[in-house]
>>> print(open('my_file_7.pdb').read())   # PDB, C-alpha atoms, pLDDT in the B column
ATOM      1  CA  MET W   1      83.382  82.675  57.758  1.00 39.00           C
ATOM      2  CA  GLY W   2      83.675  78.924  57.259  1.00 39.00           C
ATOM      3  CA  LYS W   3      84.617  77.275  54.046  1.00 37.00           C
ATOM      4  CA  LYS W   4      82.270  77.429  51.108  1.00 36.00           C
ATOM      5  CA  SER W   5      81.670  74.110  49.463  1.00 39.00           C
ATOM      6  CA  GLY W   6      79.633  74.659  46.336  1.00 39.00           C
ATOM      7  CA  LYS W   7      81.834  72.030  44.718  1.00 37.00           C
ATOM      8  CA  GLY W   8      81.440  69.584  47.615  1.00 38.00           C
ATOM      9  CA  LYS W   9      81.301  65.832  47.304  1.00 37.00           C
ATOM     10  CA  LYS W  10      78.002  64.340  46.357  1.00 37.00           C
ATOM     11  CA  SER W  11      76.470  61.137  47.622  1.00 39.00           C
ATOM     12  CA  GLY W  12      75.630  58.286  45.301  1.00 38.00           C
ATOM     13  CA  LYS W  13      72.124  59.747  44.944  1.00 40.00           C
ATOM     14  CA  SER W  14      73.406  62.973  43.422  1.00 39.00           C
ATOM     15  CA  LYS W  15      72.985  63.846  39.806  1.00 41.00           C
ATOM     16  CA  LYS W  16      74.791  66.577  37.941  1.00 40.00           C
ATOM     17  CA  SER W  17      72.212  69.195  37.067  1.00 40.00           C
ATOM     18  CA  GLY W  18      73.960  71.075  34.307  1.00 42.00           C
ATOM     19  CA  LYS W  19      72.567  74.493  33.457  1.00 40.00           C
ATOM     20  CA  SER W  20      69.180  75.582  34.709  1.00 40.00           C
ATOM     21  CA  LYS W  21      66.034  74.995  32.785  1.00 43.00           C
ATOM     22  CA  LYS W  22      64.493  77.788  30.769  1.00 39.00           C
ATOM     23  CA  SER W  23      63.287  80.758  32.779  1.00 45.00           C
ATOM     24  CA  GLU W  24      59.792  79.236  32.753  1.00 48.00           C
ATOM     25  CA  ILE W  25      58.660  75.642  32.879  1.00 45.00           C
ATOM     26  CA  LYS W  26      55.670  74.772  30.724  1.00 45.00           C
ATOM     27  CA  ASN W  27      52.745  73.242  32.543  1.00 44.00           C
ATOM     28  CA  THR W  28      52.522  69.575  31.690  1.00 44.00           C
ATOM     29  CA  SER W  29      50.262  68.471  34.522  1.00 45.00           C
ATOM     30  CA  GLY W  30      47.066  68.622  32.502  1.00 41.00           C
ATOM     31  CA  LYS W  31      45.161  70.222  35.392  1.00 62.00           C
ATOM     32  CA  GLY W  32      43.743  72.978  33.190  1.00 78.00           C
ATOM     33  CA  ASP W  33      45.833  75.973  34.292  1.00 85.00           C
ATOM     34  CA  PRO W  34      47.945  77.027  31.299  1.00 87.00           C
ATOM     35  CA  ARG W  35      50.356  79.159  33.336  1.00 89.00           C
ATOM     36  CA  PRO W  36      53.918  77.840  33.706  1.00 89.00           C
ATOM     37  CA  TYR W  37      55.715  76.802  36.869  1.00 91.00           C
ATOM     38  CA  ARG W  38      58.370  79.106  38.332  1.00 92.00           C
ATOM     39  CA  PRO W  39      61.821  77.419  38.430  1.00 96.00           C
ATOM     40  CA  CYS W  40      63.028  77.229  42.003  1.00 96.00           C
ATOM     41  CA  VAL W  41      65.431  75.458  44.346  1.00 98.00           C
ATOM     42  CA  GLY W  42      64.844  74.057  47.812  1.00 98.00           C
ATOM     43  CA  ILE W  43      67.357  73.213  50.517  1.00 98.00           C
ATOM     44  CA  MET W  44      67.115  70.555  53.203  1.00 98.00           C
ATOM     45  CA  LEU W  45      69.731  71.878  55.610  1.00 98.00           C
ATOM     46  CA  LEU W  46      70.845  69.290  58.168  1.00 98.00           C
ATOM     47  CA  ASN W  47      72.761  70.008  61.358  1.00 98.00           C
ATOM     48  CA  ALA W  48      75.320  67.635  62.911  1.00 97.00           C
ATOM     49  CA  ALA W  49      72.518  65.935  64.874  1.00 97.00           C
ATOM     50  CA  GLY W  50      70.659  65.130  61.636  1.00 98.00           C
ATOM     51  CA  GLU W  51      67.862  67.629  62.317  1.00 98.00           C
ATOM     52  CA  VAL W  52      66.306  69.765  59.568  1.00 98.00           C
ATOM     53  CA  PHE W  53      66.301  73.584  59.499  1.00 98.00           C
ATOM     54  CA  VAL W  54      62.850  75.187  59.140  1.00 96.00           C
ATOM     55  CA  GLY W  55      61.964  78.858  59.193  1.00 94.00           C
ATOM     56  CA  ASN W  56      58.648  80.515  59.997  1.00 93.00           C
ATOM     57  CA  ARG W  57      57.688  82.731  57.043  1.00 84.00           C
ATOM     58  CA  VAL W  58      57.584  86.437  57.781  1.00 81.00           C
ATOM     59  CA  ASP W  59      54.804  87.227  55.275  1.00 71.00           C
ATOM     60  CA  THR W  60      52.012  84.967  56.514  1.00 69.00           C
ATOM     61  CA  GLY W  61      51.239  86.151  60.047  1.00 66.00           C
ATOM     62  CA  ASP W  62      50.926  82.644  61.477  1.00 76.00           C
ATOM     63  CA  ASP W  63      52.828  79.387  61.826  1.00 81.00           C
ATOM     64  CA  SER W  64      54.000  78.744  58.264  1.00 83.00           C
ATOM     65  CA  TRP W  65      57.189  76.752  58.532  1.00 92.00           C
ATOM     66  CA  GLN W  66      59.240  75.733  55.527  1.00 94.00           C
ATOM     67  CA  MET W  67      62.738  74.848  54.443  1.00 97.00           C
ATOM     68  CA  PRO W  68      64.741  77.519  52.591  1.00 97.00           C
ATOM     69  CA  GLN W  69      63.786  77.903  48.941  1.00 95.00           C
ATOM     70  CA  GLY W  70      63.828  80.481  46.175  1.00 95.00           C
ATOM     71  CA  GLY W  71      63.809  81.249  42.489  1.00 95.00           C
ATOM     72  CA  ILE W  72      66.508  80.445  39.981  1.00 97.00           C
ATOM     73  CA  ASP W  73      67.773  83.512  38.131  1.00 96.00           C
ATOM     74  CA  ARG W  74      67.927  83.429  34.324  1.00 94.00           C
ATOM     75  CA  GLY W  75      71.019  81.445  33.262  1.00 96.00           C
ATOM     76  CA  GLU W  76      71.838  80.414  36.851  1.00 97.00           C
ATOM     77  CA  ASP W  77      72.817  76.841  37.675  1.00 97.00           C
ATOM     78  CA  PRO W  78      70.443  75.261  40.268  1.00 98.00           C
ATOM     79  CA  ARG W  79      73.368  74.371  42.565  1.00 98.00           C
ATOM     80  CA  ASP W  80      74.587  77.991  42.524  1.00 98.00           C
ATOM     81  CA  ALA W  81      71.021  79.197  43.096  1.00 98.00           C
ATOM     82  CA  ALA W  82      70.676  76.905  46.123  1.00 98.00           C
ATOM     83  CA  LEU W  83      73.864  78.260  47.710  1.00 98.00           C
ATOM     84  CA  ARG W  84      72.807  81.852  46.966  1.00 97.00           C
ATOM     85  CA  GLU W  85      69.322  81.337  48.414  1.00 97.00           C
ATOM     86  CA  LEU W  86      70.759  79.694  51.519  1.00 97.00           C
ATOM     87  CA  LYS W  87      73.096  82.642  52.080  1.00 97.00           C
ATOM     88  CA  GLU W  88      70.254  85.136  51.543  1.00 96.00           C
ATOM     89  CA  GLU W  89      67.668  83.411  53.737  1.00 95.00           C
ATOM     90  CA  VAL W  90      69.801  81.811  56.464  1.00 97.00           C
ATOM     91  CA  GLY W  91      72.876  84.054  56.362  1.00 96.00           C
ATOM     92  CA  THR W  92      75.447  81.317  55.832  1.00 95.00           C
ATOM     93  CA  ASP W  93      76.849  79.116  53.103  1.00 95.00           C
ATOM     94  CA  ASN W  94      79.064  77.159  55.470  1.00 97.00           C
ATOM     95  CA  VAL W  95      77.769  73.846  54.137  1.00 98.00           C
ATOM     96  CA  ARG W  96      78.701  70.673  52.336  1.00 98.00           C
ATOM     97  CA  ILE W  97      76.354  69.585  49.567  1.00 98.00           C
ATOM     98  CA  LEU W  98      75.349  65.991  50.252  1.00 98.00           C
ATOM     99  CA  ALA W  99      72.958  65.267  47.389  1.00 98.00           C
ATOM    100  CA  GLU W 100      70.750  66.675  44.677  1.00 98.00           C
ATOM    101  CA  ALA W 101      67.234  65.347  44.138  1.00 97.00           C
ATOM    102  CA  SER W 102      66.869  62.933  41.252  1.00 96.00           C
ATOM    103  CA  ARG W 103      64.125  64.987  39.580  1.00 96.00           C
ATOM    104  CA  TRP W 104      62.214  68.287  39.579  1.00 97.00           C
ATOM    105  CA  LEU W 105      59.196  68.423  41.919  1.00 97.00           C
ATOM    106  CA  ASP W 106      56.145  70.603  41.199  1.00 94.00           C
ATOM    107  CA  TYR W 107      53.457  72.105  43.376  1.00 90.00           C
ATOM    108  CA  ASP W 108      50.499  74.341  42.609  1.00 87.00           C
ATOM    109  CA  LEU W 109      49.743  77.362  44.755  1.00 83.00           C
ATOM    110  CA  PRO W 110      46.150  77.875  45.896  1.00 76.00           C
ATOM    111  CA  GLY W 111      44.348  79.790  43.110  1.00 70.00           C
ATOM    112  CA  ASP W 112      43.893  83.083  44.983  1.00 73.00           C
ATOM    113  CA  LEU W 113      47.537  83.123  46.095  1.00 72.00           C
ATOM    114  CA  SER W 114      48.859  82.243  42.629  1.00 70.00           C
ATOM    115  CA  ARG W 115      47.056  85.270  41.191  1.00 73.00           C
ATOM    116  CA  ARG W 116      48.487  87.633  43.854  1.00 73.00           C
ATOM    117  CA  ILE W 117      52.198  86.806  43.803  1.00 70.00           C
ATOM    118  CA  TRP W 118      54.651  86.996  40.913  1.00 70.00           C
ATOM    119  CA  LYS W 119      52.095  89.228  39.122  1.00 74.00           C
ATOM    120  CA  GLY W 120      49.900  86.146  38.608  1.00 72.00           C
ATOM    121  CA  ARG W 121      52.329  84.806  36.036  1.00 79.00           C
ATOM    122  CA  TYR W 122      52.893  81.340  37.564  1.00 80.00           C
ATOM    123  CA  ARG W 123      50.565  78.609  38.788  1.00 83.00           C
ATOM    124  CA  GLY W 124      53.150  77.273  41.225  1.00 89.00           C
ATOM    125  CA  GLN W 125      56.760  76.203  41.376  1.00 88.00           C
ATOM    126  CA  THR W 126      58.930  73.438  40.032  1.00 94.00           C
ATOM    127  CA  GLN W 127      61.773  72.791  42.443  1.00 97.00           C
ATOM    128  CA  ARG W 128      65.183  71.166  42.369  1.00 98.00           C
ATOM    129  CA  TRP W 129      66.057  70.103  45.935  1.00 98.00           C
ATOM    130  CA  PHE W 130      69.471  69.812  47.573  1.00 98.00           C
ATOM    131  CA  ALA W 131      70.462  68.194  50.859  1.00 98.00           C
ATOM    132  CA  MET W 132      73.250  70.083  52.634  1.00 98.00           C
ATOM    133  CA  ARG W 133      75.121  69.552  55.898  1.00 98.00           C
ATOM    134  CA  PHE W 134      75.542  72.721  57.979  1.00 98.00           C
ATOM    135  CA  LEU W 135      79.165  72.850  59.092  1.00 97.00           C
ATOM    136  CA  GLY W 136      78.918  75.775  61.485  1.00 96.00           C
ATOM    137  CA  SER W 137      77.183  76.725  64.708  1.00 96.00           C
ATOM    138  CA  ASP W 138      73.849  78.450  65.220  1.00 96.00           C
ATOM    139  CA  ALA W 139      75.783  81.667  65.950  1.00 96.00           C
ATOM    140  CA  GLU W 140      76.435  81.886  62.176  1.00 96.00           C
ATOM    141  CA  ILE W 141      72.737  81.953  61.295  1.00 96.00           C
ATOM    142  CA  ASP W 142      71.610  85.474  60.426  1.00 94.00           C
ATOM    143  CA  LEU W 143      67.995  85.767  59.300  1.00 94.00           C
ATOM    144  CA  ASP W 144      68.571  89.484  58.561  1.00 89.00           C
ATOM    145  CA  HIS W 145      71.518  88.895  56.210  1.00 88.00           C
ATOM    146  CA  HIS W 146      69.571  89.906  53.089  1.00 83.00           C
ATOM    147  CA  HIS W 147      65.824  90.505  52.973  1.00 84.00           C
ATOM    148  CA  ARG W 148      64.286  88.835  56.036  1.00 84.00           C
ATOM    149  CA  GLU W 149      62.135  85.861  55.010  1.00 87.00           C
ATOM    150  CA  PHE W 150      61.748  84.104  58.365  1.00 91.00           C
ATOM    151  CA  THR W 151      60.636  85.422  61.775  1.00 90.00           C
ATOM    152  CA  ALA W 152      62.282  82.494  63.557  1.00 93.00           C
ATOM    153  CA  TYR W 153      63.922  79.166  62.886  1.00 96.00           C
ATOM    154  CA  ARG W 154      64.323  75.818  64.580  1.00 96.00           C
ATOM    155  CA  TRP W 155      65.866  72.414  63.990  1.00 98.00           C
ATOM    156  CA  VAL W 156      63.368  69.531  63.826  1.00 97.00           C
ATOM    157  CA  PRO W 157      63.584  65.765  63.375  1.00 97.00           C
ATOM    158  CA  ILE W 158      62.832  64.772  59.794  1.00 97.00           C
ATOM    159  CA  ASP W 159      59.751  62.810  60.923  1.00 96.00           C
ATOM    160  CA  ARG W 160      58.143  66.024  62.277  1.00 95.00           C
ATOM    161  CA  LEU W 161      58.755  68.012  59.107  1.00 95.00           C
ATOM    162  CA  ILE W 162      55.596  67.168  57.153  1.00 95.00           C
ATOM    163  CA  ASP W 163      53.247  68.125  60.013  1.00 93.00           C
ATOM    164  CA  LEU W 164      54.754  71.629  60.218  1.00 92.00           C
ATOM    165  CA  ILE W 165      54.398  72.482  56.528  1.00 90.00           C
ATOM    166  CA  ILE W 166      51.439  74.257  54.937  1.00 84.00           C
ATOM    167  CA  PRO W 167      49.132  71.760  53.207  1.00 86.00           C
ATOM    168  CA  PHE W 168      49.734  72.719  49.566  1.00 88.00           C
ATOM    169  CA  LYS W 169      53.466  71.930  49.900  1.00 92.00           C
ATOM    170  CA  ARG W 170      53.132  68.643  51.809  1.00 94.00           C
ATOM    171  CA  ASP W 171      53.236  66.330  48.802  1.00 95.00           C
ATOM    172  CA  VAL W 172      56.533  67.835  47.608  1.00 96.00           C
ATOM    173  CA  TYR W 173      57.958  67.755  51.129  1.00 96.00           C
ATOM    174  CA  GLN W 174      56.995  64.097  51.482  1.00 97.00           C
ATOM    175  CA  GLN W 175      58.937  63.313  48.299  1.00 97.00           C
ATOM    176  CA  VAL W 176      61.942  65.316  49.538  1.00 98.00           C
ATOM    177  CA  VAL W 177      61.860  63.473  52.880  1.00 98.00           C
ATOM    178  CA  GLU W 178      61.733  60.103  51.112  1.00 97.00           C
ATOM    179  CA  GLU W 179      64.662  60.996  48.866  1.00 97.00           C
ATOM    180  CA  PHE W 180      66.906  62.454  51.593  1.00 98.00           C
ATOM    181  CA  ARG W 181      65.830  60.464  54.684  1.00 97.00           C
ATOM    182  CA  ASP W 182      69.022  58.395  54.798  1.00 97.00           C
ATOM    183  CA  LEU W 183      71.080  61.614  54.988  1.00 97.00           C
ATOM    184  CA  ALA W 184      69.209  62.916  58.056  1.00 97.00           C
ATOM    185  CA  GLN W 185      71.425  61.026  60.480  1.00 95.00           C
ATOM    186  CA  PRO W 186      73.772  62.333  63.158  1.00 95.00           C
ATOM    187  CA  GLU W 187      77.177  63.005  61.670  1.00 88.00           C
ATOM    188  CA  ALA W 188      79.886  60.603  62.781  1.00 76.00           C
ATOM    189  CA  GLY W 189      82.639  62.003  64.992  1.00 65.00           C
ATOM    190  CA  PRO W 190      86.364  61.836  64.194  1.00 58.00           C
ATOM    191  CA  GLY W 191      86.570  58.191  65.265  1.00 52.00           C
ATOM    192  CA  GLY W 192      83.461  57.208  63.274  1.00 51.00           C
ATOM    193  CA  GLU W 193      81.217  57.195  66.350  1.00 54.00           C
ATOM    194  CA  LYS W 194      77.830  58.907  66.248  1.00 57.00           C
ATOM    195  CA  PRO W 195      76.846  61.278  69.059  1.00 55.00           C
TER
END
>>> encode(input="my_file_7.pdb", output="structure tokens")
Amino acid sequence: MGKKSGKGKKSGKSKKSGKSKKSEIKNTSGKGDPRPYRPCVGIMLLNAAGEVFVGNRVDTGDDSWQMPQGGIDRGEDPRDAALRELKEEVGTDNVRILAEASRWLDYDLPGDLSRRIWKGRYRGQTQRWFAMRFLGSDAEIDLDHHHREFTAYRWVPIDRLIDLIIPFKRDVYQQVVEEFRDLAQPEAGPGGEKP
């Protein structure tokens, strides 16, 4: 497999995350739900053309596209969690980390859904996002590598991303797009030219 770059170079936007937050994040939104947020990571995976990887969730039965994401294990560093989740969901960690979001981003799940998943313990998720450049080819992508989370995947232009995402995640995705937009460019070739 290609090289693993968990210690890759970061852009000027990156911030060192240190150790993960506590296993639960207290709700500070003031919206009335006392349940905490579940600590999580999200990955904006970019191919050489500057397009974003999205997968269609296996557990929804319809078009529910999202970028890879998942929970942070107790004591796990967010950067390590992001690489682990990418390997589990996409089947590869052949990436270079480009940047880490400047802050944690929260979203609330719809009430009925938040009471069904995670034993009703969390109201939603607080996410630390990473932008990563995929260094391999689509032949390396294996949606069955771990526990299948996506029925299909595709690469989309960053400007189409928000329209594909389920409504309750759109605000977070908009913030991720704004933070990482400059990274969603075609990668320069060996001579500095862009394809």
>>> residues_around(input="my_file_7.pdb", residues="Lys87 in chain W", least_positions_apart="2", cutoff="12 Å", atoms="all atoms listed in the file", output="PyMOL selection string")
chain W and resi 1+4+6+43+45+68-70+80-85+89-95+134+140-149
>>> write_last_selection(input="my_file_7.pdb", atoms="C-alpha atoms", output="mmCIF file, keeping the file's coordinate frame")
data_model
loop_
_atom_site.group_PDB
_atom_site.id
_atom_site.type_symbol
_atom_site.label_atom_id
_atom_site.label_comp_id
_atom_site.auth_asym_id
_atom_site.auth_seq_id
_atom_site.Cartn_x
_atom_site.Cartn_y
_atom_site.Cartn_z
ATOM 1 C CA MET W 1 83.382 82.675 57.758
ATOM 2 C CA LYS W 4 82.270 77.429 51.108
ATOM 3 C CA GLY W 6 79.633 74.659 46.336
ATOM 4 C CA ILE W 43 67.357 73.213 50.517
ATOM 5 C CA LEU W 45 69.731 71.878 55.610
ATOM 6 C CA PRO W 68 64.741 77.519 52.591
ATOM 7 C CA GLN W 69 63.786 77.903 48.941
ATOM 8 C CA GLY W 70 63.828 80.481 46.175
ATOM 9 C CA ASP W 80 74.587 77.991 42.524
ATOM 10 C CA ALA W 81 71.021 79.197 43.096
ATOM 11 C CA ALA W 82 70.676 76.905 46.123
ATOM 12 C CA LEU W 83 73.864 78.260 47.710
ATOM 13 C CA ARG W 84 72.807 81.852 46.966
ATOM 14 C CA GLU W 85 69.322 81.337 48.414
ATOM 15 C CA GLU W 89 67.668 83.411 53.737
ATOM 16 C CA VAL W 90 69.801 81.811 56.464
ATOM 17 C CA GLY W 91 72.876 84.054 56.362
ATOM 18 C CA THR W 92 75.447 81.317 55.832
ATOM 19 C CA ASP W 93 76.849 79.116 53.103
ATOM 20 C CA ASN W 94 79.064 77.159 55.470
ATOM 21 C CA VAL W 95 77.769 73.846 54.137
ATOM 22 C CA PHE W 134 75.542 72.721 57.979
ATOM 23 C CA GLU W 140 76.435 81.886 62.176
ATOM 24 C CA ILE W 141 72.737 81.953 61.295
ATOM 25 C CA ASP W 142 71.610 85.474 60.426
ATOM 26 C CA LEU W 143 67.995 85.767 59.300
ATOM 27 C CA ASP W 144 68.571 89.484 58.561
ATOM 28 C CA HIS W 145 71.518 88.895 56.210
ATOM 29 C CA HIS W 146 69.571 89.906 53.089
ATOM 30 C CA HIS W 147 65.824 90.505 52.973
ATOM 31 C CA ARG W 148 64.286 88.835 56.036
ATOM 32 C CA GLU W 149 62.135 85.861 55.010
#
>>> resolve_selection(input="my_file_7.pdb", expression="the PyMOL selection byres ((chain W and resi 62) around 12)", output="PyMOL selection string")
chain W and resi 55-61+63-65+150-152+164-166
>>> atom_distance(input="my_file_7.pdb", atom1="CA of Arg103 in chain W", atom2="CA of Val41 in chain W")
11.6 Å
>>> atom_distance(input="my_file_7.pdb", atom1="CA of Gly111 in chain W", atom2="CA of Arg74 in chain W")
25.4 Å
>>> closest_residue(input="my_file_7.pdb", among="W:Ile158, W:Met44, W:Leu86, W:Leu105", to="Gln185 in chain W", atoms="only C-alpha atoms")
W:Ile158
>>> closest_residue(input="my_file_7.pdb", among="W:Ala101, W:Asp73, W:Pro78, W:Pro157", to="Gln175 in chain W", atoms="all atoms listed in the file")
W:Ala101
>>> resolve_selection(input="my_file_7.pdb", expression="the PyMOL selection byres ((chain W and resi 54) around 7)", output="ChimeraX atom specification")
/W:52-53,55-56,65-67,153-155
>>> closest_residue(input="my_file_7.pdb", among="W:Val156, W:Cys40, W:Ala48, W:Ala99", to="Pro186 in chain W", atoms="all atoms listed in the file")
W:Ala48
>>> atom_distance(input="my_file_7.pdb", atom1="CA of Val172 in chain W", atom2="CA of Gly124 in chain W")
11.9 Å
>>> residues_around(input="my_file_7.pdb", residues="Asp159 in chain W", least_positions_apart="3", cutoff="10 Å", atoms="all atoms listed in the file", output="VMD selection string")
chain W and resid 51 to 52 156 162 to 163 174 177 181 184
>>> resolve_selection(input="my_file_7.pdb", expression="the PyMOL selection byres ((chain W and resi 109) around 7)", output="VMD selection string")
chain W and resid 107 to 108 110 to 111 113 to 114 123 to 124 168
>>> closest_residue(input="my_file_7.pdb", among="W:Pro39, W:Arg116, W:Asn47, W:Leu98", to="Glu187 in chain W", atoms="all atoms listed in the file")
W:Asn47
>>> closest_residue(input="my_file_7.pdb", among="W:Ala139, W:Arg38, W:Phe180, W:Arg79", to="Lys119 in chain W", atoms="all atoms listed in the file")
W:Arg38
>>> build_atoms(input="my_file_7.pdb", residues="range 170-183 of chain W", atoms="N, CA and C atoms", output="mmCIF file, keeping the file's coordinate frame")
data_model
loop_
_atom_site.group_PDB
_atom_site.id
_atom_site.type_symbol
_atom_site.label_atom_id
_atom_site.label_comp_id
_atom_site.auth_asym_id
_atom_site.auth_seq_id
_atom_site.Cartn_x
_atom_site.Cartn_y
_atom_site.Cartn_z
ATOM 1 N N ARG W 170 52.835 69.908 51.126
ATOM 2 C CA ARG W 170 53.132 68.643 51.809
ATOM 3 C C ARG W 170 53.525 67.512 50.880
ATOM 4 N N ASP W 171 52.905 67.419 49.722
ATOM 5 C CA ASP W 171 53.236 66.330 48.802
ATOM 6 C C ASP W 171 54.698 66.437 48.349
ATOM 7 N N VAL W 172 55.138 67.637 48.007
ATOM 8 C CA VAL W 172 56.533 67.835 47.608
ATOM 9 C C VAL W 172 57.457 67.522 48.779
ATOM 10 N N TYR W 173 57.112 68.009 49.966
ATOM 11 C CA TYR W 173 57.958 67.755 51.129
ATOM 12 C C TYR W 173 58.055 66.261 51.441
ATOM 13 N N GLN W 174 56.962 65.538 51.260
ATOM 14 C CA GLN W 174 56.995 64.097 51.482
ATOM 15 C C GLN W 174 57.992 63.436 50.528
ATOM 16 N N GLN W 175 57.999 63.868 49.276
ATOM 17 C CA GLN W 175 58.937 63.313 48.299
ATOM 18 C C GLN W 175 60.384 63.670 48.650
ATOM 19 N N VAL W 176 60.599 64.893 49.133
ATOM 20 C CA VAL W 176 61.942 65.316 49.538
ATOM 21 C C VAL W 176 62.405 64.479 50.736
ATOM 22 N N VAL W 177 61.523 64.288 51.700
ATOM 23 C CA VAL W 177 61.860 63.473 52.880
ATOM 24 C C VAL W 177 62.226 62.058 52.457
ATOM 25 N N GLU W 178 61.440 61.463 51.567
ATOM 26 C CA GLU W 178 61.733 60.103 51.112
ATOM 27 C C GLU W 178 63.094 60.031 50.417
ATOM 28 N N GLU W 179 63.400 61.034 49.608
ATOM 29 C CA GLU W 179 64.662 60.996 48.866
ATOM 30 C C GLU W 179 65.881 61.217 49.765
ATOM 31 N N PHE W 180 65.749 62.085 50.775
ATOM 32 C CA PHE W 180 66.906 62.454 51.593
ATOM 33 C C PHE W 180 66.908 61.850 53.002
ATOM 34 N N ARG W 181 65.943 61.004 53.317
ATOM 35 C CA ARG W 181 65.830 60.464 54.684
ATOM 36 C C ARG W 181 67.132 59.836 55.190
ATOM 37 N N ASP W 182 67.796 59.077 54.358
ATOM 38 C CA ASP W 182 69.022 58.395 54.798
ATOM 39 C C ASP W 182 70.144 59.372 55.162
ATOM 40 N N LEU W 183 70.051 60.607 54.686
ATOM 41 C CA LEU W 183 71.080 61.614 54.988
ATOM 42 C C LEU W 183 70.812 62.327 56.307
#
